[in-house]
Amino acid sequence: MSKRARETLAQVPLFASLSARHLRRVAELCEEQRFMQGATIVRAGDAGDAFYVILQGEAKVVAPSGRVLNRLFPGDVFGEISLLDGGPRTASVVAETPMTVLVLPRRAFFALLEAEPVVAGRILKHVAGLIRRHERSLTA
């Protein structure tokens with residue numbers, strides 16, 4: 001995997017606490033994919049089977065109603081909830097420009113977690129932090 005891919009993964013909050021060795025392992029599991037402008041990368045309701053990191057290009061996040069919820073740029077990620085629980089996608093992501101993304105398949109990710117308990121522990125700690133921040137925002 002390219003140095004650019006490893007550097008990008010190091011900036012992803014889900015992986016930021018991983019060691020260089022563990023980041024290399026995650027990067028080795030990823031594959032680069034390209035999408036043309038207008039391509040639907042993930043579709044709302046489909047089973048979540050991968051996590052995506054945008055290397056190049058821009059996308060929009062679209063609700064099932066058709067409303068644009070967000071815009072995504074290089075360094076942004078999507079599919080992290082589905083990566084963890086395999087549940088259905090809550091929104092579609094459509095390429096607004098030609099795009100290059102890193103794709104981390106869920107099956108490969110879980111194999112890594114089984115082989116590297118340290119990675120699993122750090123990711124669980126990150127998720128717990130997200131839950132805590134969310135709870136604080138609800139009670140503030």
# chains A, B, ... in the order shown; residues from 1 in each chain; ligands from 1

$ residues_around --residues "range 97-111 of chain A" --least-positions-apart "3" --cutoff "9 Å" --atoms "only C-alpha atoms" --output "ChimeraX atom specification"
/A:5,9,26-27,29-39,48-59,74,82-84,86,114-116,120

$ write_last_selection --atoms "N, CA and C atoms" --output "compact mmCIF listing (two decimals), in the first residue's frame"
# COMPACT_ATOMS: atom_id res chain seq x y z
N ALA A 5 -1.49 6.30 1.40
CA ALA A 5 -2.58 5.57 2.03
C ALA A 5 -2.33 5.41 3.53
N LEU A 9 -4.60 6.96 6.53
CA LEU A 9 -5.18 6.13 7.58
C LEU A 9 -4.78 6.62 8.97
N VAL A 26 -3.36 -2.51 8.75
CA VAL A 26 -4.65 -2.02 8.25
C VAL A 26 -4.51 -1.64 6.78
N ALA A 27 -3.45 -0.92 6.45
CA ALA A 27 -3.23 -0.48 5.06
C ALA A 27 -3.12 -1.67 4.11
N LEU A 29 -4.66 -4.38 4.30
CA LEU A 29 -5.99 -4.96 4.10
C LEU A 29 -6.86 -4.13 3.16
N CYS A 30 -6.45 -2.89 2.94
CA CYS A 30 -7.23 -1.98 2.11
C CYS A 30 -6.89 -2.15 0.63
N GLU A 31 -7.84 -1.80 -0.18
CA GLU A 31 -7.58 -1.74 -1.61
C GLU A 31 -8.05 -0.39 -2.12
N GLU A 32 -7.33 0.13 -3.10
CA GLU A 32 -7.75 1.38 -3.72
C GLU A 32 -8.79 1.08 -4.78
N GLN A 33 -9.84 1.87 -4.77
CA GLN A 33 -10.87 1.76 -5.81
C GLN A 33 -11.13 3.14 -6.37
N ARG A 34 -11.50 3.17 -7.64
CA ARG A 34 -11.81 4.43 -8.31
C ARG A 34 -13.28 4.40 -8.73
N PHE A 35 -13.90 5.57 -8.65
CA PHE A 35 -15.30 5.72 -9.05
C PHE A 35 -15.43 6.92 -9.96
N MET A 36 -16.29 6.79 -10.95
CA MET A 36 -16.56 7.89 -11.86
C MET A 36 -17.56 8.84 -11.22
N GLN A 37 -17.57 10.08 -11.69
CA GLN A 37 -18.55 11.06 -11.23
C GLN A 37 -19.95 10.49 -11.43
N GLY A 38 -20.79 10.64 -10.41
CA GLY A 38 -22.16 10.14 -10.48
C GLY A 38 -22.35 8.72 -9.97
N ALA A 39 -21.25 8.01 -9.73
CA ALA A 39 -21.37 6.62 -9.25
C ALA A 39 -21.87 6.58 -7.82
N GLY A 48 -23.87 -3.31 5.22
CA GLY A 48 -22.57 -2.65 5.35
C GLY A 48 -21.46 -3.68 5.40
N ASP A 49 -20.62 -3.68 4.38
CA ASP A 49 -19.55 -4.69 4.35
C ASP A 49 -18.17 -4.09 4.18
N ALA A 50 -18.06 -2.74 4.28
CA ALA A 50 -16.76 -2.11 4.11
C ALA A 50 -16.77 -0.69 4.67
N PHE A 51 -15.57 -0.21 4.90
CA PHE A 51 -15.29 1.14 5.39
C PHE A 51 -14.50 1.86 4.31
N TYR A 52 -14.74 3.15 4.13
CA TYR A 52 -14.13 3.89 3.04
C TYR A 52 -13.41 5.13 3.56
N VAL A 53 -12.25 5.41 2.96
CA VAL A 53 -11.49 6.62 3.23
C VAL A 53 -11.27 7.31 1.89
N ILE A 54 -11.64 8.56 1.79
CA ILE A 54 -11.48 9.27 0.52
C ILE A 54 -10.04 9.77 0.38
N LEU A 55 -9.40 9.34 -0.69
CA LEU A 55 -8.05 9.81 -1.01
C LEU A 55 -8.10 11.01 -1.95
N GLN A 56 -9.04 10.95 -2.88
CA GLN A 56 -9.12 12.00 -3.89
C GLN A 56 -10.57 12.11 -4.35
N GLY A 57 -11.03 13.35 -4.57
CA GLY A 57 -12.37 13.58 -5.08
C GLY A 57 -13.34 14.00 -3.99
N GLU A 58 -14.59 14.20 -4.41
CA GLU A 58 -15.64 14.67 -3.50
C GLU A 58 -16.90 13.85 -3.70
N ALA A 59 -17.67 13.73 -2.61
CA ALA A 59 -18.91 12.95 -2.66
C ALA A 59 -19.97 13.66 -1.85
N PRO A 74 -11.37 14.73 0.51
CA PRO A 74 -10.21 13.89 0.83
C PRO A 74 -9.90 13.88 2.33
N SER A 82 -21.14 0.66 9.90
CA SER A 82 -21.37 -0.63 9.24
C SER A 82 -20.14 -1.53 9.34
N LEU A 83 -18.95 -0.93 9.36
CA LEU A 83 -17.74 -1.73 9.54
C LEU A 83 -17.80 -2.48 10.86
N LEU A 84 -18.30 -1.80 11.89
CA LEU A 84 -18.33 -2.40 13.21
C LEU A 84 -19.50 -3.34 13.41
N GLY A 86 -22.00 -4.27 10.76
CA GLY A 86 -22.51 -4.97 9.58
C GLY A 86 -23.95 -4.63 9.24
N GLU A 114 -9.13 -10.15 15.44
CA GLU A 114 -8.89 -11.44 16.10
C GLU A 114 -7.41 -11.72 16.24
N ALA A 115 -6.62 -11.35 15.23
CA ALA A 115 -5.18 -11.62 15.24
C ALA A 115 -4.41 -10.62 16.11
N GLU A 116 -4.95 -9.42 16.26
CA GLU A 116 -4.26 -8.34 16.98
C GLU A 116 -5.18 -7.74 18.04
N ALA A 120 -7.94 -4.25 18.54
CA ALA A 120 -9.33 -4.29 18.99
C ALA A 120 -9.52 -3.41 20.22

$ residues_around --residues "Pro88 in chain A" --least-positions-apart "5" --cutoff "6 Å" --atoms "only C-alpha atoms" --output "tab-separated table (two decimals) with C-alpha atoms, in the first residue's frame"
chain	number	residue	atom	x	y	z
A	45	GLY	CA	-30.39	-0.01	2.99
A	46	ASP	CA	-27.62	-2.24	1.60
A	47	ALA	CA	-25.67	-4.39	4.04
A	48	GLY	CA	-22.57	-2.65	5.35

$ closest_residue --among "A:Ile123, A:Ala140, A:Leu130, A:Val118" --to "Arg21 in chain A" --atoms "only C-alpha atoms"
A:Val118

$ residues_around --residues "Ala44 in chain A" --least-positions-apart "3" --cutoff "12 Å" --atoms "only C-alpha atoms" --output "MDAnalysis selection string"
chainID A and resid 40:41 47:48 61:66 79 82 87:94

$ select_by_dssp --residues "range 15-122 of chain A" --states "strand (DSSP E)" --output "PyMOL selection string"
chain A and resi 31-35+40-42+50-56+59-62+68-72+77-78+92-95+99-105

$ write_last_selection --atoms "N, CA and C atoms" --output "CSV table (one decimal), in the first residue's frame"
chain,number,residue,atom,x,y,z
A,31,GLU,N,-7.8,-1.8,-0.2
A,31,GLU,CA,-7.6,-1.7,-1.6
A,31,GLU,C,-8.0,-0.4,-2.1
A,32,GLU,N,-7.3,0.1,-3.1
A,32,GLU,CA,-7.7,1.4,-3.7
A,32,GLU,C,-8.8,1.1,-4.8
A,33,GLN,N,-9.8,1.9,-4.8
A,33,GLN,CA,-10.9,1.8,-5.8
A,33,GLN,C,-11.1,3.1,-6.4
A,34,ARG,N,-11.5,3.2,-7.6
A,34,ARG,CA,-11.8,4.4,-8.3
A,34,ARG,C,-13.3,4.4,-8.7
A,35,PHE,N,-13.9,5.6,-8.6
A,35,PHE,CA,-15.3,5.7,-9.1
A,35,PHE,C,-15.4,6.9,-10.0
A,40,THR,N,-22.7,5.6,-7.5
A,40,THR,CA,-23.2,5.4,-6.1
A,40,THR,C,-22.2,4.4,-5.5
A,41,ILE,N,-21.5,4.9,-4.5
A,41,ILE,CA,-20.5,4.1,-3.9
A,41,ILE,C,-21.1,3.1,-2.9
A,42,VAL,N,-22.0,3.6,-2.0
A,42,VAL,CA,-22.8,2.8,-1.1
A,42,VAL,C,-24.2,3.3,-1.3
A,50,ALA,N,-18.1,-2.7,4.3
A,50,ALA,CA,-16.8,-2.1,4.1
A,50,ALA,C,-16.8,-0.7,4.7
A,51,PHE,N,-15.6,-0.2,4.9
A,51,PHE,CA,-15.3,1.1,5.4
A,51,PHE,C,-14.5,1.9,4.3
A,52,TYR,N,-14.7,3.1,4.1
A,52,TYR,CA,-14.1,3.9,3.0
A,52,TYR,C,-13.4,5.1,3.6
A,53,VAL,N,-12.3,5.4,3.0
A,53,VAL,CA,-11.5,6.6,3.2
A,53,VAL,C,-11.3,7.3,1.9
A,54,ILE,N,-11.6,8.6,1.8
A,54,ILE,CA,-11.5,9.3,0.5
A,54,ILE,C,-10.0,9.8,0.4
A,55,LEU,N,-9.4,9.3,-0.7
A,55,LEU,CA,-8.1,9.8,-1.0
A,55,LEU,C,-8.1,11.0,-1.9
A,56,GLN,N,-9.0,10.9,-2.9
A,56,GLN,CA,-9.1,12.0,-3.9
A,56,GLN,C,-10.6,12.1,-4.3
A,59,ALA,N,-17.7,13.7,-2.6
A,59,ALA,CA,-18.9,13.0,-2.7
A,59,ALA,C,-20.0,13.7,-1.9
A,60,LYS,N,-21.2,13.2,-2.1
A,60,LYS,CA,-22.3,13.7,-1.2
A,60,LYS,C,-23.0,12.5,-0.5
A,61,VAL,N,-23.5,12.8,0.7
A,61,VAL,CA,-24.2,11.8,1.5
A,61,VAL,C,-25.7,12.1,1.3
A,62,VAL,N,-26.4,11.1,0.8
A,62,VAL,CA,-27.8,11.4,0.4
A,62,VAL,C,-28.7,10.5,1.3
A,68,VAL,N,-29.7,15.9,0.5
A,68,VAL,CA,-28.2,15.9,0.7
A,68,VAL,C,-27.9,16.2,2.2
A,69,LEU,N,-27.3,15.3,2.9
A,69,LEU,CA,-27.0,15.4,4.3
A,69,LEU,C,-25.6,16.0,4.6
A,70,ASN,N,-24.7,15.7,3.7
A,70,ASN,CA,-23.3,16.1,4.0
A,70,ASN,C,-22.5,16.1,2.7
A,71,ARG,N,-21.4,16.7,2.7
A,71,ARG,CA,-20.4,16.6,1.6
A,71,ARG,C,-19.1,16.0,2.1
A,72,LEU,N,-18.5,15.2,1.4
A,72,LEU,CA,-17.2,14.5,1.8
A,72,LEU,C,-16.1,14.9,0.9
A,77,VAL,N,-14.2,10.0,5.9
A,77,VAL,CA,-14.5,8.6,5.9
A,77,VAL,C,-16.0,8.4,5.9
A,78,PHE,N,-16.4,7.2,5.5
A,78,PHE,CA,-17.8,6.8,5.7
A,78,PHE,C,-17.8,5.3,5.8
A,92,SER,N,-26.9,6.9,1.3
A,92,SER,CA,-26.1,6.6,0.1
A,92,SER,C,-25.0,7.6,0.0
A,93,VAL,N,-23.9,7.2,-0.6
A,93,VAL,CA,-22.8,8.1,-0.9
A,93,VAL,C,-22.6,8.1,-2.4
A,94,VAL,N,-22.7,9.3,-3.0
A,94,VAL,CA,-22.6,9.4,-4.5
A,94,VAL,C,-21.4,10.3,-4.8
A,95,ALA,N,-20.5,9.8,-5.7
A,95,ALA,CA,-19.4,10.6,-6.2
A,95,ALA,C,-19.8,11.8,-6.9
A,99,MET,N,-13.4,9.8,-8.2
A,99,MET,CA,-12.9,9.6,-6.8
A,99,MET,C,-11.9,8.4,-6.7
A,100,THR,N,-11.0,8.5,-5.8
A,100,THR,CA,-10.2,7.4,-5.4
A,100,THR,C,-10.4,7.2,-3.9
A,101,VAL,N,-10.7,6.0,-3.5
A,101,VAL,CA,-11.0,5.7,-2.1
A,101,VAL,C,-10.2,4.5,-1.7
A,102,LEU,N,-9.9,4.4,-0.4
A,102,LEU,CA,-9.4,3.2,0.2
A,102,LEU,C,-10.6,2.4,0.8
A,103,VAL,N,-10.6,1.1,0.5
A,103,VAL,CA,-11.8,0.3,1.0
A,103,VAL,C,-11.2,-0.7,1.9
A,104,LEU,N,-11.7,-0.8,3.1
A,104,LEU,CA,-11.4,-1.8,4.1
A,104,LEU,C,-12.6,-2.8,4.3
A,105,PRO,N,-12.5,-4.0,3.7
A,105,PRO,CA,-13.6,-4.9,3.9
A,105,PRO,C,-13.8,-5.3,5.3

$ select_by_dssp --residues "range 12-57 of chain A" --states "alpha helix (DSSP H)" --output "list in words"
Ala20, Arg21, His22, Leu23, Arg24, Arg25, Val26, Ala27, Glu28 and Leu29 of chain A

$ write_last_selection --atoms "C-alpha atoms" --output "mmCIF file, in the first residue's frame"
data_model
loop_
_atom_site.group_PDB
_atom_site.id
_atom_site.type_symbol
_atom_site.label_atom_id
_atom_site.label_comp_id
_atom_site.auth_asym_id
_atom_site.auth_seq_id
_atom_site.Cartn_x
_atom_site.Cartn_y
_atom_site.Cartn_z
ATOM 1 C CA ALA A 20 2.991 2.299 12.803
ATOM 2 C CA ARG A 21 3.083 -1.509 12.564
ATOM 3 C CA HIS A 22 -0.652 -1.813 13.119
ATOM 4 C CA LEU A 23 -1.348 0.988 10.630
ATOM 5 C CA ARG A 24 0.685 -0.937 8.051
ATOM 6 C CA ARG A 25 -1.441 -4.014 8.774
ATOM 7 C CA VAL A 26 -4.648 -2.024 8.249
ATOM 8 C CA ALA A 27 -3.230 -0.482 5.063
ATOM 9 C CA GLU A 28 -2.339 -3.935 3.727
ATOM 10 C CA LEU A 29 -5.991 -4.955 4.103
#

$ residues_around --residues "Gly121 in chain A" --least-positions-apart "4" --cutoff "12 Å" --atoms "only C-alpha atoms" --output "mmCIF file with C-alpha atoms, in the first residue's frame"
data_model
loop_
_atom_site.group_PDB
_atom_site.id
_atom_site.type_symbol
_atom_site.label_atom_id
_atom_site.label_comp_id
_atom_site.auth_asym_id
_atom_site.auth_seq_id
_atom_site.Cartn_x
_atom_site.Cartn_y
_atom_site.Cartn_z
ATOM 1 C CA LEU A 14 -10.723 5.272 14.302
ATOM 2 C CA PHE A 15 -7.074 4.331 13.586
ATOM 3 C CA SER A 17 -4.047 5.603 18.135
ATOM 4 C CA LEU A 18 -2.574 2.602 16.311
ATOM 5 C CA LEU A 112 -7.226 -8.342 12.005
ATOM 6 C CA LEU A 113 -9.068 -7.728 15.278
ATOM 7 C CA GLU A 114 -8.891 -11.442 16.102
ATOM 8 C CA ALA A 115 -5.183 -11.617 15.239
ATOM 9 C CA GLU A 116 -4.258 -8.340 16.977
ATOM 10 C CA PRO A 117 -6.141 -7.858 20.265
ATOM 11 C CA LYS A 125 -11.492 2.737 23.421
ATOM 12 C CA HIS A 126 -12.125 5.118 20.506
ATOM 13 C CA VAL A 127 -15.751 3.963 20.186
ATOM 14 C CA ALA A 128 -16.269 4.349 23.938
#
